[in-house]
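Data file: final-v2.cif. Format and content: mmCIF, C-alpha atoms and all ligand atoms.
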data_input
#
loop_
_atom_site.label_atom_id
_atom_site.label_comp_id
_atom_site.auth_asym_id
_atom_site.auth_seq_id
_atom_site.Cartn_x
_atom_site.Cartn_y
_atom_site.Cartn_z
CA MET A 1 -4.33 -18.69 -14.12
CA GLU A 2 -2.50 -16.50 -11.60
CA LYS A 3 -3.31 -17.28 -8.00
CA SER A 4 -1.78 -14.26 -6.33
CA ALA A 5 -0.87 -10.65 -6.80
CA ILE A 6 1.29 -8.32 -4.78
CA TYR A 7 0.10 -4.88 -3.75
CA PRO A 8 3.26 -3.05 -2.63
CA GLY A 9 3.61 0.28 -0.89
CA SER A 10 4.73 2.27 2.11
CA PHE A 11 1.27 2.39 3.74
CA ASP A 12 2.27 5.07 6.25
CA PRO A 13 -0.60 4.71 7.09
CA ILE A 14 -2.98 2.69 4.91
CA THR A 15 -5.82 4.89 3.57
CA ASN A 16 -9.31 4.07 2.33
CA GLY A 17 -7.90 4.48 -1.18
CA HIS A 18 -5.44 1.62 -0.57
CA GLU A 19 -8.19 -0.41 1.07
CA ASP A 20 -10.42 0.06 -1.94
CA ILE A 21 -7.74 -1.23 -4.33
CA ILE A 22 -6.93 -4.20 -2.06
CA ARG A 23 -10.59 -5.24 -1.78
CA ARG A 24 -11.15 -4.86 -5.52
CA GLY A 25 -7.90 -6.73 -6.18
CA ALA A 26 -9.16 -9.53 -3.96
CA ASN A 27 -12.19 -9.83 -6.28
CA LEU A 28 -9.82 -10.54 -9.16
CA PHE A 29 -7.21 -12.77 -7.50
CA PRO A 30 -7.68 -15.54 -4.94
CA ARG A 31 -4.83 -14.10 -2.86
CA ILE A 32 -3.41 -10.62 -2.42
CA VAL A 33 -0.10 -10.12 -0.65
CA VAL A 34 0.13 -6.60 0.70
CA ALA A 35 3.88 -5.92 0.69
CA VAL A 36 4.95 -3.23 3.14
CA LEU A 37 8.23 -1.51 2.29
CA GLU A 38 10.80 -1.65 5.04
CA ASN A 39 13.26 1.10 4.22
CA PRO A 40 15.65 2.18 6.97
CA ARG A 41 16.59 5.23 4.89
CA LYS A 42 13.01 6.52 4.70
CA GLU A 43 11.59 8.06 7.83
CA THR A 44 8.03 6.92 8.49
CA LEU A 45 5.45 7.92 11.08
CA PHE A 46 4.60 4.29 11.81
CA SER A 47 7.28 1.61 12.12
CA THR A 48 7.18 -1.35 9.74
CA ALA A 49 5.72 -3.53 12.53
CA GLU A 50 3.02 -0.93 13.24
CA ARG A 51 2.10 -0.52 9.56
CA ILE A 52 1.80 -4.29 9.20
CA ASP A 53 -0.20 -4.61 12.39
CA ILE A 54 -2.66 -1.92 11.24
CA ILE A 55 -3.23 -3.56 7.84
CA ARG A 56 -3.63 -7.02 9.41
CA GLU A 57 -6.20 -5.64 11.83
CA ILE A 58 -8.21 -4.07 9.00
CA PHE A 59 -8.27 -7.28 6.94
CA LYS A 60 -8.36 -9.76 9.81
CA ASP A 61 -11.62 -11.30 8.54
CA ILE A 62 -10.34 -11.82 4.99
CA PRO A 63 -7.88 -14.75 4.85
CA ALA A 64 -7.20 -14.10 1.14
CA ILE A 65 -5.35 -10.93 2.12
CA GLU A 66 -1.88 -11.46 3.56
CA VAL A 67 0.47 -8.81 4.82
CA LYS A 68 4.26 -9.10 4.64
CA ALA A 69 7.23 -6.77 4.99
CA PHE A 70 9.77 -6.52 2.20
CA HIS A 71 13.08 -4.82 1.69
CA GLY A 72 15.39 -4.62 -1.29
CA LEU A 73 14.02 -4.97 -4.78
CA LEU A 74 10.29 -5.53 -5.18
CA VAL A 75 10.83 -7.87 -8.14
CA ASP A 76 13.07 -10.06 -5.96
CA PHE A 77 10.39 -10.22 -3.28
CA ALA A 78 7.86 -11.18 -5.99
CA ARG A 79 10.17 -13.88 -7.41
CA ASP A 80 10.93 -15.28 -3.93
CA ASN A 81 7.19 -15.55 -3.29
CA GLY A 82 6.45 -17.07 -6.70
CA ILE A 83 4.21 -14.14 -7.69
CA ARG A 84 4.25 -12.55 -11.16
CA ILE A 85 1.74 -9.74 -10.79
CA LEU A 86 2.17 -6.37 -9.11
CA ILE A 87 -0.85 -4.15 -8.59
CA ARG A 88 -0.48 -0.39 -8.35
CA GLY A 89 -3.18 2.25 -8.04
CA LEU A 90 -3.03 5.16 -10.46
CA ARG A 91 -4.76 8.19 -9.03
CA ALA A 92 -4.06 11.04 -11.38
CA VAL A 93 -1.91 12.12 -14.27
CA SER A 94 0.63 13.29 -11.68
CA ASP A 95 1.15 9.66 -10.61
CA PHE A 96 1.78 8.52 -14.14
CA GLU A 97 5.41 9.53 -14.66
CA TYR A 98 6.66 7.88 -11.46
CA GLU A 99 4.55 4.76 -11.94
CA PHE A 100 5.58 4.46 -15.58
CA GLN A 101 9.27 4.67 -14.62
CA MET A 102 8.84 2.15 -11.85
CA ALA A 103 6.89 -0.33 -13.98
CA LEU A 104 9.45 -0.14 -16.79
CA MET A 105 12.37 -0.48 -14.36
CA ASN A 106 10.74 -3.52 -12.77
CA LEU A 107 10.14 -5.01 -16.22
CA ASN A 108 13.77 -4.37 -17.07
CA LEU A 109 14.86 -6.11 -13.87
CA ASN A 110 12.57 -9.09 -14.36
CA ALA A 111 10.59 -9.43 -17.59
CA GLU A 112 8.38 -12.14 -16.10
CA ILE A 113 6.79 -9.80 -13.62
CA GLU A 114 3.96 -7.58 -14.84
CA THR A 115 2.51 -4.44 -13.28
CA LEU A 116 -1.26 -4.02 -13.46
CA PHE A 117 -2.73 -0.59 -12.78
CA MET A 118 -6.09 -0.02 -11.17
CA MET A 119 -7.92 3.30 -10.96
CA PRO A 120 -9.10 4.32 -7.51
CA SER A 121 -12.76 4.93 -6.83
CA ALA A 122 -13.36 8.56 -7.74
CA LYS A 123 -13.97 9.57 -4.12
CA TYR A 124 -10.39 8.59 -3.23
CA ALA A 125 -8.67 10.04 -6.28
CA PHE A 126 -7.19 12.91 -4.26
CA LEU A 127 -6.21 10.86 -1.24
CA SER A 128 -2.67 10.09 -0.08
CA SER A 129 -1.01 8.94 3.15
CA SER A 130 1.04 12.13 3.33
CA LEU A 131 -2.05 14.35 3.08
CA VAL A 132 -3.80 12.28 5.74
CA LYS A 133 -0.84 12.76 8.10
CA GLU A 134 -0.64 16.48 7.40
CA VAL A 135 -4.37 17.09 7.81
CA TYR A 136 -4.48 15.05 11.03
CA ARG A 137 -1.38 16.73 12.46
CA LEU A 138 -2.91 20.15 11.81
CA GLY A 139 -6.16 19.22 13.56
CA GLY A 140 -8.35 18.43 10.54
CA SER A 141 -10.75 15.52 10.23
CA VAL A 142 -9.70 12.39 8.37
CA GLU A 143 -13.06 10.68 8.83
CA GLY A 144 -14.02 8.72 5.73
CA LEU A 145 -10.44 8.87 4.47
CA VAL A 146 -8.96 6.19 6.72
CA ALA A 147 -10.47 3.28 8.68
CA PRO A 148 -11.59 4.10 12.24
CA TYR A 149 -8.76 1.84 13.48
CA VAL A 150 -6.19 3.92 11.57
CA GLU A 151 -7.69 7.07 13.07
CA SER A 152 -7.30 5.59 16.54
CA ARG A 153 -3.66 4.77 15.83
CA LEU A 154 -3.09 8.32 14.53
CA ARG A 155 -4.69 9.68 17.71
CA GLU A 156 -2.32 7.54 19.76
CA LYS A 157 0.70 8.75 17.77
CA PHE A 158 -0.21 12.41 18.06
CA ARG A 159 -1.70 11.94 21.56
CA ARG A 160 -4.84 13.78 20.60
CA GLY A 161 -7.96 13.32 22.74
O1 LIG A 201 3.51 3.63 -1.48
P1 LIG A 201 4.72 4.00 -2.29
O2 LIG A 201 5.73 4.69 -1.39
O3 LIG A 201 4.37 4.77 -3.52
O4 LIG A 201 5.38 2.60 -2.77
C1 LIG A 201 6.57 2.59 -3.49
C2 LIG A 201 7.16 1.17 -3.61
C3 LIG A 201 7.30 0.53 -2.25
C4 LIG A 201 6.26 0.32 -4.47
C5 LIG A 201 8.56 1.32 -4.29
O5 LIG A 201 9.30 2.30 -3.61
C6 LIG A 201 9.36 0.04 -4.34
O6 LIG A 201 9.00 -0.92 -5.00
N1 LIG A 201 10.48 0.00 -3.59
C7 LIG A 201 11.34 -1.16 -3.53
C8 LIG A 201 12.67 -0.91 -4.21
C9 LIG A 201 12.64 -1.27 -5.67
O7 LIG A 201 12.27 -2.36 -6.06
N2 LIG A 201 13.05 -0.30 -6.52
C10 LIG A 201 13.14 -0.50 -7.95
C11 LIG A 201 11.82 -0.29 -8.65
S1 LIG A 201 11.81 1.29 -9.38
#

So, in terms of structure tokens, how does the structure I just supplied come out?
Amino acid sequence: MEKSAIYPGSFDPITNGHEDIIRRGANLFPRIVVAVLENPRKETLFSTAERIDIIREIFKDIPAIEVKAFHGLLVDFARDNGIRILIRGLRAVSDFEYEFQMALMNLNLNAEIETLFMMPSAKYAFLSSSLVKEVYRLGGSVEGLVAPYVESRLREKFRRG
């Protein structure tokens, strides 16, 4: 019986779609480690520390959900943490190619680590962090798409009243 699963991603910022997968994942596994990619070559709106802080704040009442940064290969992070399961959300056919490649590459790197895919709730099937940032930056509402705390952090970033 597996005790933990990793839910990796950039989370720049975490959306309600991510939150939905994490909460549903936590119904299946006693512990979910949300692994936040730290990639100096990828420019993000929120720093790694900020992205971690936001996710921790959202799940502060759920001890089964841990948040950690990772860099380098995901399978190495999984091995170092003694975890064999990776969870990824699969929103649409457009996600499939990239996710398929990544899952097979990870399997090739470490055959003991499995990727499990979960479908998002239908209401979040169109949602992505990049769209949230774009909509917010252009003055649109992201209510219902991100947690109120995320919205407040976006407001702070874009200094919008
Ligand atoms: O939220 P994202 O940006 O779709 O998440 C992508 C992520 C972080 C899961 C992926 O980029 C990743 O695992 N990066 C770590 C580097 C790695 O292990 N690469 C080889 C697997 S293809």

Interatomic distance, atom CA of A:Ile6 to atom CA of A:Arg153 (Å, one decimal): 24.9 Å

Gap from atom CA of A:Ser152 to atom CA of A:His71 - Å, one decimal: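 Interatomic distance, atom CA of A:Ser152 to atom CA of A:His71: 27.3 Å.
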
Cut-off 12 Å around (-11.5, -2.0, -1.3) with only C-alpha atoms: residues as a PyMOL selection string: chain A and resi 14-28+32+58-59+62+65+89+118-121+124+146-147

Cut-off 12 Å around (0.8, -7.3, 2.4) with all atoms listed in the file: residues as a PyMOL selection string: chain A and resi 4-11+14+18-19+22+31-38+48-49+51-59+63-70+77-78+81+86-87

Given 5 Å of margin on each side, can you work out the centre and size in Å (one decimal) of an axis-aligned box holding every listed atom of ligand LIG 201 (chain A), as lines of an AutoDock Vina configuration file?
center_x = 8.3
center_y = 1.2
center_z = -5.4
size_x = 19.6
size_y = 17.1
size_z = 18.0

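Of the residues under consideration (A:Phe29, A:Glu43, A:Ile85, A:Gln101), A:Gln101 shows the shortest atom-to-atom contact distance to ligand LIG 201 (chain A) when counting all atoms listed in the file.
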
Which residue of A:Ala125, A:Leu104, A:Leu145, A:Leu45 approaches A:Val75 most closely, using only C-alpha atoms: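 So, comparing all the options, the nearest one is A:Leu104.
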
Shortest interatomic distance to A:Phe96 - which of A:Ile83, A:Phe117, A:Tyr149, A:Arg41, counting all atoms listed in the file: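 Nearest to A:Phe96: A:Phe117.
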
Shortest interatomic distance to ligand LIG 201 (chain A) - which of A:Ser128, A:Thr115, A:Asn106, A:Ser141, counting all atoms listed in the file: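 For ligand LIG 201 (chain A), the nearest of the given residues is A:Asn106.
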
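Put simply, atom CA of A:Arg79 is 20.6 Å away from atom CA of A:Phe100.
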
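Candidate residues A:Ala92, A:Lys123, A:Glu50, A:Ser129 were compared for distance to ligand LIG 201 (chain A), and the nearest is A:Ser129, using all atoms listed in the file.
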
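Comparing the minimum interatomic distances between A:Leu116 and each of A:Lys133, A:Arg159, A:Arg84, A:Arg91, counting all atoms listed in the file, we find that A:Arg84 sits nearest.
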